[in-house]
file data16.tsv (TSV, N, CA and C atoms)
chain	number	residue	atom	x	y	z
V	1	MET	N	5.21	8.82	3.68
V	1	MET	CA	4.89	7.48	4.14
V	1	MET	C	3.38	7.28	4.14
V	2	ASP	N	2.66	8.32	4.52
V	2	ASP	CA	1.19	8.21	4.49
V	2	ASP	C	0.69	7.87	3.09
V	3	ASP	N	1.30	8.49	2.09
V	3	ASP	CA	0.92	8.20	0.71
V	3	ASP	C	1.13	6.73	0.38
V	4	ALA	N	2.26	6.19	0.79
V	4	ALA	CA	2.57	4.78	0.49
V	4	ALA	C	1.54	3.87	1.16
V	5	VAL	N	1.19	4.16	2.40
V	5	VAL	CA	0.21	3.34	3.12
V	5	VAL	C	-1.15	3.40	2.41
V	6	ARG	N	-1.55	4.60	1.99
V	6	ARG	CA	-2.83	4.73	1.27
V	6	ARG	C	-2.80	3.95	-0.04
V	7	ARG	N	-1.69	4.04	-0.75
V	7	ARG	CA	-1.59	3.34	-2.03
V	7	ARG	C	-1.60	1.83	-1.85
V	8	ILE	N	-0.95	1.35	-0.79
V	8	ILE	CA	-0.96	-0.09	-0.50
V	8	ILE	C	-2.39	-0.53	-0.18
V	9	ALA	N	-3.09	0.24	0.64
V	9	ALA	CA	-4.48	-0.08	0.97
V	9	ALA	C	-5.34	-0.09	-0.29
V	10	LEU	N	-5.11	0.86	-1.17
V	10	LEU	CA	-5.85	0.91	-2.43
V	10	LEU	C	-5.56	-0.33	-3.27
V	11	ALA	N	-4.30	-0.73	-3.33
V	11	ALA	CA	-3.92	-1.94	-4.09
V	11	ALA	C	-4.62	-3.17	-3.51
V	12	VAL	N	-4.66	-3.29	-2.20
V	12	VAL	CA	-5.33	-4.43	-1.56
V	12	VAL	C	-6.83	-4.40	-1.88
V	13	GLY	N	-7.42	-3.22	-1.82
V	13	GLY	CA	-8.84	-3.09	-2.14
V	13	GLY	C	-9.14	-3.52	-3.57
V	14	TYR	N	-8.33	-3.06	-4.50
V	14	TYR	CA	-8.52	-3.47	-5.90
V	14	TYR	C	-8.36	-4.98	-6.05
V	15	ALA	N	-7.35	-5.55	-5.39
V	15	ALA	CA	-7.12	-6.99	-5.49
V	15	ALA	C	-8.31	-7.76	-4.93
V	16	CYS	N	-8.84	-7.31	-3.81
V	16	CYS	CA	-10.01	-7.98	-3.21
V	16	CYS	C	-11.23	-7.89	-4.11
V	17	ALA	N	-11.32	-6.81	-4.88
V	17	ALA	CA	-12.45	-6.63	-5.80
V	17	ALA	C	-12.22	-7.35	-7.12
V	18	GLY	N	-11.06	-7.97	-7.28
V	18	GLY	CA	-10.77	-8.71	-8.51
V	18	GLY	C	-10.27	-7.84	-9.65
V	19	LEU	N	-9.88	-6.63	-9.36
V	19	LEU	CA	-9.39	-5.71	-10.39
V	19	LEU	C	-7.86	-5.75	-10.40
V	20	GLN	N	-7.32	-6.82	-10.95
V	20	GLN	CA	-5.89	-7.10	-10.86
V	20	GLN	C	-5.02	-6.01	-11.49
V	21	SER	N	-5.36	-5.53	-12.66
V	21	SER	CA	-4.51	-4.51	-13.30
V	21	SER	C	-4.49	-3.22	-12.48
V	22	HIS	N	-5.63	-2.85	-11.90
V	22	HIS	CA	-5.68	-1.68	-11.03
V	22	HIS	C	-4.84	-1.92	-9.78
V	23	ALA	N	-4.92	-3.12	-9.23
V	23	ALA	CA	-4.15	-3.45	-8.03
V	23	ALA	C	-2.65	-3.37	-8.31
V	24	LEU	N	-2.22	-3.90	-9.45
V	24	LEU	CA	-0.80	-3.85	-9.79
V	24	LEU	C	-0.33	-2.42	-10.02
V	25	ARG	N	-1.14	-1.61	-10.65
V	25	ARG	CA	-0.80	-0.21	-10.88
V	25	ARG	C	-0.68	0.53	-9.56
V	26	ALA	N	-1.63	0.32	-8.65
V	26	ALA	CA	-1.58	0.99	-7.35
V	26	ALA	C	-0.37	0.53	-6.54
V	27	ALA	N	-0.05	-0.76	-6.61
V	27	ALA	CA	1.12	-1.28	-5.91
V	27	ALA	C	2.40	-0.68	-6.49
V	28	HIS	N	2.44	-0.53	-7.79
V	28	HIS	CA	3.60	0.09	-8.45
V	28	HIS	C	3.80	1.52	-7.94
V	29	HIS	N	2.73	2.29	-7.86
V	29	HIS	CA	2.82	3.67	-7.39
V	29	HIS	C	3.18	3.75	-5.90
V	30	ALA	N	2.85	2.73	-5.14
V	30	ALA	CA	3.17	2.72	-3.71
V	30	ALA	C	4.67	2.62	-3.48
V	31	HIS	N	5.40	2.14	-4.46
V	31	HIS	CA	6.86	1.98	-4.32
V	31	HIS	C	7.62	3.29	-4.48
V	32	THR	N	6.95	4.40	-4.70
V	32	THR	CA	7.62	5.68	-4.84
V	32	THR	C	8.23	6.09	-3.51
V	33	ALA	N	9.52	6.38	-3.51
V	33	ALA	CA	10.22	6.73	-2.27
V	33	ALA	C	9.72	8.06	-1.72
V	34	PRO	N	9.69	8.18	-0.40
V	34	PRO	CA	9.27	9.45	0.22
V	34	PRO	C	10.21	10.58	-0.18
V	35	ARG	N	9.66	11.73	-0.51
V	35	ARG	CA	10.48	12.86	-0.93
V	35	ARG	C	11.21	13.52	0.24
V	36	SER	N	10.76	13.26	1.44
V	36	SER	CA	11.38	13.91	2.61
V	36	SER	C	12.75	13.34	2.94
V	37	VAL	N	13.08	12.18	2.36
V	37	VAL	CA	14.41	11.60	2.56
V	37	VAL	C	15.04	11.50	1.18
V	38	PRO	N	16.10	12.18	0.88
V	38	PRO	CA	16.94	12.98	1.76
V	38	PRO	C	16.54	14.45	1.87
V	39	GLY	N	15.61	14.92	1.04
V	39	GLY	CA	15.27	16.34	0.99
V	39	GLY	C	15.16	17.05	2.32
V	40	GLY	N	14.33	16.54	3.21
V	40	GLY	CA	14.15	17.20	4.50
V	40	GLY	C	15.21	16.84	5.52
V	41	THR	N	15.61	15.59	5.53
V	41	THR	CA	16.58	15.15	6.55
V	41	THR	C	17.94	15.76	6.33
V	42	ASP	N	18.30	16.07	5.09
V	42	ASP	CA	19.59	16.70	4.83
V	42	ASP	C	19.67	18.10	5.43
V	43	ARG	N	18.55	18.77	5.51
V	43	ARG	CA	18.54	20.16	5.96
V	43	ARG	C	18.32	20.30	7.47
V	44	MET	N	18.01	19.19	8.15
V	44	MET	CA	17.69	19.26	9.57
V	44	MET	C	18.91	19.59	10.42
V	45	ALA	N	18.69	20.45	11.40
V	45	ALA	CA	19.75	20.79	12.34
V	45	ALA	C	20.13	19.55	13.14
V	46	ARG	N	21.38	19.50	13.56
V	46	ARG	CA	21.86	18.39	14.36
V	46	ARG	C	22.06	18.88	15.79
V	47	PRO	N	21.92	18.05	16.78
V	47	PRO	CA	21.57	16.64	16.69
V	47	PRO	C	20.09	16.45	16.38
V	48	LEU	N	19.78	15.34	15.69
V	48	LEU	CA	18.40	15.01	15.37
V	48	LEU	C	17.68	14.62	16.66
V	49	SER	N	16.40	14.91	16.72
V	49	SER	CA	15.62	14.54	17.90
V	49	SER	C	15.45	13.02	17.97
V	50	SER	N	15.17	12.52	19.14
V	50	SER	CA	15.00	11.07	19.31
V	50	SER	C	13.82	10.56	18.48
V	51	GLY	N	12.75	11.37	18.37
V	51	GLY	CA	11.61	10.97	17.55
V	51	GLY	C	11.96	10.86	16.08
V	52	THR	N	12.77	11.80	15.58
V	52	THR	CA	13.20	11.77	14.18
V	52	THR	C	14.08	10.56	13.93
V	53	ILE	N	14.99	10.28	14.84
V	53	ILE	CA	15.88	9.13	14.70
V	53	ILE	C	15.07	7.84	14.68
V	54	GLU	N	14.11	7.73	15.58
V	54	GLU	CA	13.27	6.53	15.63
V	54	GLU	C	12.48	6.36	14.32
V	55	ALA	N	11.91	7.46	13.83
V	55	ALA	CA	11.13	7.39	12.59
V	55	ALA	C	12.01	6.99	11.41
V	56	LEU	N	13.21	7.56	11.32
V	56	LEU	CA	14.12	7.21	10.23
V	56	LEU	C	14.53	5.74	10.30
V	57	LYS	N	14.74	5.24	11.50
V	57	LYS	CA	15.10	3.82	11.65
V	57	LYS	C	13.95	2.91	11.24
V	58	LEU	N	12.72	3.32	11.53
V	58	LEU	CA	11.56	2.53	11.10
V	58	LEU	C	11.44	2.51	9.58
V	59	VAL	N	11.59	3.66	8.96
V	59	VAL	CA	11.52	3.73	7.50
V	59	VAL	C	12.66	2.93	6.89
V	60	ARG	N	13.83	2.97	7.52
V	60	ARG	CA	14.98	2.21	7.02
V	60	ARG	C	14.68	0.71	6.98
V	61	GLN	N	13.92	0.23	7.96
V	61	GLN	CA	13.60	-1.20	8.02
V	61	GLN	C	12.78	-1.66	6.81
V	62	VAL	N	12.00	-0.76	6.23
V	62	VAL	CA	11.17	-1.12	5.07
V	62	VAL	C	11.67	-0.44	3.79
V	63	SER	N	12.90	0.06	3.82
V	63	SER	CA	13.42	0.84	2.70
V	63	SER	C	13.52	0.04	1.40
V	64	ASP	N	13.69	-1.27	1.48
V	64	ASP	CA	13.76	-2.09	0.26
V	64	ASP	C	12.47	-2.01	-0.53
V	65	PHE	N	11.36	-1.79	0.13
V	65	PHE	CA	10.07	-1.66	-0.54
V	65	PHE	C	10.09	-0.50	-1.53
V	66	PHE	N	10.83	0.56	-1.19
V	66	PHE	CA	10.82	1.77	-2.00
V	66	PHE	C	11.93	1.81	-3.06
V	67	GLY	N	12.72	0.77	-3.16
V	67	GLY	CA	13.76	0.74	-4.18
V	67	GLY	C	15.11	1.18	-3.65
V	68	GLU	N	16.04	1.27	-4.58
V	68	GLU	CA	17.42	1.55	-4.23
V	68	GLU	C	17.62	2.99	-3.77
V	69	GLY	N	18.59	3.16	-2.89
V	69	GLY	CA	19.02	4.49	-2.50
V	69	GLY	C	18.46	5.01	-1.19
V	70	LEU	N	17.25	4.63	-0.83
V	70	LEU	CA	16.63	5.19	0.37
V	70	LEU	C	17.41	4.82	1.62
V	71	ARG	N	17.79	3.56	1.76
V	71	ARG	CA	18.53	3.11	2.94
V	71	ARG	C	19.83	3.91	3.08
V	72	GLU	N	20.54	4.10	1.97
V	72	GLU	CA	21.80	4.84	2.01
V	72	GLU	C	21.58	6.30	2.41
V	73	HIS	N	20.51	6.90	1.90
V	73	HIS	CA	20.19	8.29	2.28
V	73	HIS	C	19.91	8.38	3.78
V	74	ILE	N	19.17	7.43	4.29
V	74	ILE	CA	18.86	7.43	5.73
V	74	ILE	C	20.13	7.23	6.55
V	75	ASP	N	20.97	6.30	6.14
V	75	ASP	CA	22.23	6.06	6.85
V	75	ASP	C	23.08	7.32	6.88
V	76	ARG	N	23.17	8.01	5.73
V	76	ARG	CA	23.95	9.25	5.68
V	76	ARG	C	23.35	10.32	6.59
V	77	SER	N	22.03	10.41	6.60
V	77	SER	CA	21.38	11.41	7.45
V	77	SER	C	21.61	11.12	8.92
V	78	LEU	N	21.54	9.85	9.30
V	78	LEU	CA	21.75	9.48	10.70
V	78	LEU	C	23.20	9.67	11.13
V	79	ALA	N	24.14	9.48	10.21
V	79	ALA	CA	25.56	9.57	10.55
V	79	ALA	C	26.11	11.00	10.47
V	80	ALA	N	25.41	11.88	9.79
V	80	ALA	CA	25.93	13.23	9.56
V	80	ALA	C	26.01	14.02	10.88
V	81	PRO	N	27.18	14.58	11.17
V	81	PRO	CA	27.33	15.36	12.40
V	81	PRO	C	26.67	16.75	12.30
V	82	GLU	N	26.39	17.18	11.07
V	82	GLU	CA	25.72	18.46	10.86
V	82	GLU	C	24.85	18.34	9.62
V	83	ALA	N	24.05	19.35	9.38
V	83	ALA	CA	23.18	19.32	8.21
V	83	ALA	C	24.01	19.07	6.97
V	84	THR	N	23.52	18.23	6.09
V	84	THR	CA	24.28	17.83	4.91
V	84	THR	C	23.93	18.65	3.67
V	85	TRP	N	23.20	19.73	3.88
V	85	TRP	CA	22.83	20.59	2.76
V	85	TRP	C	23.14	22.01	3.13
V	86	PRO	N	23.66	22.82	2.32
V	86	PRO	CA	24.09	22.54	0.95
V	86	PRO	C	25.39	21.75	0.94
V	87	PRO	N	25.66	21.01	-0.14
V	87	PRO	CA	26.87	20.20	-0.21
V	87	PRO	C	28.14	21.06	-0.31
V	88	ALA	N	29.21	20.56	0.25
V	88	ALA	CA	30.49	21.27	0.19
V	88	ALA	C	31.08	21.18	-1.21
V	89	ASP	N	30.86	20.05	-1.90
V	89	ASP	CA	31.42	19.82	-3.23
V	89	ASP	C	30.28	19.59	-4.21
V	90	TRP	N	29.92	20.63	-4.96
V	90	TRP	CA	28.79	20.55	-5.87
V	90	TRP	C	29.02	19.57	-7.01
V	91	LYS	N	30.25	19.45	-7.50
V	91	LYS	CA	30.55	18.52	-8.58
V	91	LYS	C	30.30	17.08	-8.13
V	92	GLN	N	30.80	16.72	-6.95
V	92	GLN	CA	30.59	15.37	-6.41
V	92	GLN	C	29.10	15.13	-6.17
V	93	TYR	N	28.41	16.14	-5.66
V	93	TYR	CA	26.98	16.03	-5.42
V	93	TYR	C	26.23	15.73	-6.72
V	94	ASP	N	26.56	16.46	-7.79
V	94	ASP	CA	25.90	16.24	-9.08
V	94	ASP	C	26.18	14.85	-9.62
V	95	GLU	N	27.42	14.37	-9.47
V	95	GLU	CA	27.77	13.04	-9.95
V	95	GLU	C	26.99	11.95	-9.20
V	96	GLU	N	26.92	12.07	-7.87
V	96	GLU	CA	26.17	11.10	-7.07
V	96	GLU	C	24.69	11.13	-7.41
V	97	ARG	N	24.18	12.31	-7.63
V	97	ARG	CA	22.76	12.46	-7.95
V	97	ARG	C	22.43	11.81	-9.30
V	98	MET	N	23.30	11.98	-10.28
V	98	MET	CA	23.09	11.39	-11.60
V	98	MET	C	23.13	9.85	-11.51
V	99	LYS	N	24.07	9.31	-10.73
V	99	LYS	CA	24.17	7.86	-10.57
V	99	LYS	C	22.91	7.32	-9.89
V	100	SER	N	22.47	8.02	-8.86
V	100	SER	CA	21.28	7.60	-8.13
V	100	SER	C	20.05	7.63	-9.03
V	101	ALA	N	19.91	8.69	-9.79
V	101	ALA	CA	18.75	8.83	-10.69
V	101	ALA	C	18.76	7.73	-11.75
V	102	ALA	N	19.93	7.40	-12.26
V	102	ALA	CA	20.02	6.36	-13.28
V	102	ALA	C	19.62	5.00	-12.71
V	103	SER	N	20.06	4.69	-11.49
V	103	SER	CA	19.71	3.38	-10.91
V	103	SER	C	18.23	3.31	-10.56
V	104	VAL	N	17.66	4.41	-10.09
V	104	VAL	CA	16.23	4.43	-9.77
V	104	VAL	C	15.41	4.27	-11.05
V	105	ALA	N	15.80	4.98	-12.11
V	105	ALA	CA	15.07	4.88	-13.38
V	105	ALA	C	15.13	3.46	-13.92
V	106	SER	N	16.28	2.85	-13.82
V	106	SER	CA	16.44	1.48	-14.30
V	106	SER	C	15.56	0.51	-13.51
V	107	ALA	N	15.53	0.67	-12.18
V	107	ALA	CA	14.70	-0.19	-11.34
V	107	ALA	C	13.21	0.02	-11.64
V	108	ARG	N	12.81	1.26	-11.82
V	108	ARG	CA	11.40	1.55	-12.11
V	108	ARG	C	10.99	0.99	-13.46
V	109	LEU	N	11.86	1.09	-14.42
V	109	LEU	CA	11.55	0.56	-15.75
V	109	LEU	C	11.31	-0.94	-15.66
V	110	GLY	N	12.14	-1.64	-14.90
V	110	GLY	CA	11.97	-3.09	-14.74
V	110	GLY	C	10.65	-3.42	-14.07
V	111	ARG	N	10.26	-2.68	-13.02
V	111	ARG	CA	8.98	-2.92	-12.33
V	111	ARG	C	7.82	-2.55	-13.23
V	112	HIS	N	7.94	-1.46	-14.00
V	112	HIS	CA	6.86	-1.02	-14.87
V	112	HIS	C	6.56	-2.07	-15.93
V	113	GLU	N	7.60	-2.66	-16.50
V	113	GLU	CA	7.39	-3.67	-17.53
V	113	GLU	C	6.64	-4.87	-16.98
V	114	SER	N	6.95	-5.27	-15.73
V	114	SER	CA	6.25	-6.42	-15.16
V	114	SER	C	4.81	-6.08	-14.79
V	115	VAL	N	4.55	-4.82	-14.42
V	115	VAL	CA	3.19	-4.40	-14.07
V	115	VAL	C	2.32	-4.34	-15.31
V	116	THR	N	2.85	-3.76	-16.39
V	116	THR	CA	2.02	-3.60	-17.58
V	116	THR	C	1.83	-4.91	-18.34
V	117	ALA	N	2.67	-5.89	-18.08
V	117	ALA	CA	2.57	-7.16	-18.80
V	117	ALA	C	1.54	-8.10	-18.20
V	118	ALA	N	1.10	-7.84	-16.96
V	118	ALA	CA	0.17	-8.75	-16.30
V	118	ALA	C	-1.27	-8.46	-16.72
V	119	PRO	N	-2.00	-9.46	-17.24
V	119	PRO	CA	-3.40	-9.24	-17.65
V	119	PRO	C	-4.35	-9.29	-16.45
V	120	ASP	N	-5.54	-8.72	-16.64
V	120	ASP	CA	-6.60	-8.82	-15.61
V	120	ASP	C	-7.04	-10.26	-15.47
V	121	GLN	N	-7.40	-10.61	-14.25
V	121	GLN	CA	-7.90	-11.97	-14.02
V	121	GLN	C	-9.37	-11.93	-13.71
call {"tool": "encode", "arguments": {"input": "data16.tsv", "output": "structure tokens"}}
result
Amino acid sequence: MDDAVRRIALAVGYACAGLQSHALRAAHHAHTAPRSVPGGTDRMARPLSSGTIEALKLVRQVSDFFGEGLREHIDRSLAAPEATWPPADWKQYDEERMKSAASVASARLGRHESVTAAPDQ
């Protein structure tokens, strides 16, 4: 999350300086989803601490900023009665992961095309 905040601040700085293409590129990079969800939250012992639950709920509120899948990962982490890693069914896990990767790649490609098409002002 710290990375996203820094990248957003960088994008605003570039925009204020009139460097539109740099601002768009920095904003595009800010949309990268945090690696800790689901990576870290899946491995956490249950019950989750109140601080962790509060932080996940805050990130969930802005999850649309980071693209598809993050909200669902957070919901699964919050609902899981025990650590969700390693998966019980590796085949199902691989199938879900491939679907998720395909939708994220598709969304990123669409955003990348709009970022690279905008000229400097």
call {"tool": "atom_distance", "arguments": {"input": "data16.tsv", "atom1": "atom CA of His29 of chain V", "atom2": "atom C of Leu56 of chain V"}}
result
21.3 Å
call {"tool": "select_by_dssp", "arguments": {"input": "data16.tsv", "residues": "chain V", "states": "helix (DSSP H, G or I)", "output": "PyMOL selection string"}}
result
chain V and resi 2-16+20-30+36-39+41-43+50-61+63-66+70-79+90-117
call {"tool": "closest_residue", "arguments": {"input": "data16.tsv", "among": "V:Arg25, V:Arg35, V:Arg46, V:Arg7", "to": "Ala83 of chain V", "atoms": "only C-alpha atoms"}}
result
V:Arg46
call {"tool": "atom_distance", "arguments": {"input": "data16.tsv", "atom1": "atom CA of Ser63 of chain V", "atom2": "atom C of Ala27 of chain V"}}
result
14.4 Å
call {"tool": "atom_distance", "arguments": {"input": "data16.tsv", "atom1": "atom CA of Ala101 of chain V", "atom2": "atom CA of Gly69 of chain V"}}
result
9.3 Å
call {"tool": "closest_residue", "arguments": {"input": "data16.tsv", "among": "V:Ala26, V:Thr41, V:Ala15, V:Pro34", "to": "Thr84 of chain V", "atoms": "all atoms listed in the file"}}
result
V:Thr41
call {"tool": "axis_aligned_box", "arguments": {"input": "data16.tsv", "around": "segment 59-67 of chain V", "padding_each_side": "5 Å", "output": "lines of an AutoDock Vina configuration file"}}
result
center_x = 12.6
center_y = 0.8
center_z = 2.4
size_x = 15.0
size_y = 15.8
size_z = 23.1
call {"tool": "build_atoms", "arguments": {"input": "data16.tsv", "residues": "segment 27-38 of chain V", "atoms": "all heavy atoms", "output": "mmCIF file, in the frame of the given file"}}
result
data_model
loop_
_atom_site.group_PDB
_atom_site.id
_atom_site.type_symbol
_atom_site.label_atom_id
_atom_site.label_comp_id
_atom_site.auth_asym_id
_atom_site.auth_seq_id
_atom_site.Cartn_x
_atom_site.Cartn_y
_atom_site.Cartn_z
ATOM 1 N N ALA V 27 -0.050 -0.760 -6.610
ATOM 2 C CA ALA V 27 1.120 -1.280 -5.910
ATOM 3 C C ALA V 27 2.400 -0.680 -6.490
ATOM 4 O O ALA V 27 3.317 -0.318 -5.748
ATOM 5 C CB ALA V 27 1.160 -2.796 -5.992
ATOM 6 N N HIS V 28 2.440 -0.530 -7.790
ATOM 7 C CA HIS V 28 3.600 0.090 -8.450
ATOM 8 C C HIS V 28 3.800 1.520 -7.940
ATOM 9 O O HIS V 28 4.911 1.927 -7.604
ATOM 10 C CB HIS V 28 3.421 0.066 -9.957
ATOM 11 C CG HIS V 28 4.426 0.885 -10.701
ATOM 12 N ND1 HIS V 28 5.735 0.493 -10.828
ATOM 13 C CD2 HIS V 28 4.313 2.076 -11.327
ATOM 14 C CE1 HIS V 28 6.388 1.432 -11.514
ATOM 15 N NE2 HIS V 28 5.543 2.385 -11.823
ATOM 16 N N HIS V 29 2.730 2.290 -7.860
ATOM 17 C CA HIS V 29 2.820 3.670 -7.390
ATOM 18 C C HIS V 29 3.180 3.750 -5.900
ATOM 19 O O HIS V 29 3.786 4.716 -5.462
ATOM 20 C CB HIS V 29 1.522 4.425 -7.660
ATOM 21 C CG HIS V 29 1.321 4.726 -9.109
ATOM 22 N ND1 HIS V 29 2.124 5.567 -9.822
ATOM 23 C CD2 HIS V 29 0.406 4.251 -9.984
ATOM 24 C CE1 HIS V 29 1.719 5.617 -11.072
ATOM 25 N NE2 HIS V 29 0.681 4.824 -11.204
ATOM 26 N N ALA V 30 2.850 2.730 -5.140
ATOM 27 C CA ALA V 30 3.170 2.720 -3.710
ATOM 28 C C ALA V 30 4.670 2.620 -3.480
ATOM 29 O O ALA V 30 5.166 2.998 -2.425
ATOM 30 C CB ALA V 30 2.454 1.565 -3.012
ATOM 31 N N HIS V 31 5.400 2.140 -4.460
ATOM 32 C CA HIS V 31 6.860 1.980 -4.320
ATOM 33 C C HIS V 31 7.620 3.290 -4.480
ATOM 34 O O HIS V 31 8.843 3.298 -4.384
ATOM 35 C CB HIS V 31 7.385 0.964 -5.340
ATOM 36 C CG HIS V 31 7.047 -0.440 -4.991
ATOM 37 N ND1 HIS V 31 7.796 -1.188 -4.110
ATOM 38 C CD2 HIS V 31 6.024 -1.235 -5.387
ATOM 39 C CE1 HIS V 31 7.253 -2.382 -3.989
ATOM 40 N NE2 HIS V 31 6.177 -2.441 -4.756
ATOM 41 N N THR V 32 6.950 4.400 -4.700
ATOM 42 C CA THR V 32 7.620 5.680 -4.840
ATOM 43 C C THR V 32 8.230 6.090 -3.510
ATOM 44 O O THR V 32 7.540 6.137 -2.491
ATOM 45 C CB THR V 32 6.615 6.764 -5.303
ATOM 46 O OG1 THR V 32 6.007 6.324 -6.521
ATOM 47 C CG2 THR V 32 7.290 8.093 -5.503
ATOM 48 N N ALA V 33 9.520 6.380 -3.510
ATOM 49 C CA ALA V 33 10.220 6.730 -2.270
ATOM 50 C C ALA V 33 9.720 8.060 -1.720
ATOM 51 O O ALA V 33 9.361 8.967 -2.480
ATOM 52 C CB ALA V 33 11.718 6.819 -2.536
ATOM 53 N N PRO V 34 9.690 8.180 -0.400
ATOM 54 C CA PRO V 34 9.270 9.450 0.220
ATOM 55 C C PRO V 34 10.210 10.580 -0.180
ATOM 56 O O PRO V 34 11.422 10.414 -0.169
ATOM 57 C CB PRO V 34 9.359 9.167 1.715
ATOM 58 C CG PRO V 34 9.698 7.748 1.884
ATOM 59 C CD PRO V 34 10.063 7.174 0.564
ATOM 60 N N ARG V 35 9.660 11.730 -0.510
ATOM 61 C CA ARG V 35 10.480 12.860 -0.930
ATOM 62 C C ARG V 35 11.210 13.520 0.240
ATOM 63 O O ARG V 35 12.165 14.244 0.055
ATOM 64 C CB ARG V 35 9.625 13.897 -1.637
ATOM 65 C CG ARG V 35 9.280 13.473 -3.040
ATOM 66 C CD ARG V 35 8.375 14.457 -3.660
ATOM 67 N NE ARG V 35 7.024 13.912 -3.454
ATOM 68 C CZ ARG V 35 5.924 14.464 -3.880
ATOM 69 N NH1 ARG V 35 5.973 15.594 -4.504
ATOM 70 N NH2 ARG V 35 4.770 13.902 -3.674
ATOM 71 N N SER V 36 10.760 13.260 1.440
ATOM 72 C CA SER V 36 11.380 13.910 2.610
ATOM 73 C C SER V 36 12.750 13.340 2.940
ATOM 74 O O SER V 36 13.491 13.929 3.710
ATOM 75 C CB SER V 36 10.457 13.767 3.819
ATOM 76 O OG SER V 36 10.207 12.393 4.077
ATOM 77 N N VAL V 37 13.080 12.180 2.360
ATOM 78 C CA VAL V 37 14.410 11.600 2.560
ATOM 79 C C VAL V 37 15.040 11.500 1.180
ATOM 80 O O VAL V 37 14.518 10.768 0.338
ATOM 81 C CB VAL V 37 14.336 10.206 3.200
ATOM 82 C CG1 VAL V 37 15.728 9.627 3.379
ATOM 83 C CG2 VAL V 37 13.592 10.245 4.521
ATOM 84 N N PRO V 38 16.100 12.180 0.880
ATOM 85 C CA PRO V 38 16.940 12.980 1.760
ATOM 86 C C PRO V 38 16.540 14.450 1.870
ATOM 87 O O PRO V 38 17.095 15.160 2.701
ATOM 88 C CB PRO V 38 18.303 12.860 1.098
ATOM 89 C CG PRO V 38 17.994 12.808 -0.362
ATOM 90 C CD PRO V 38 16.698 12.018 -0.441
#
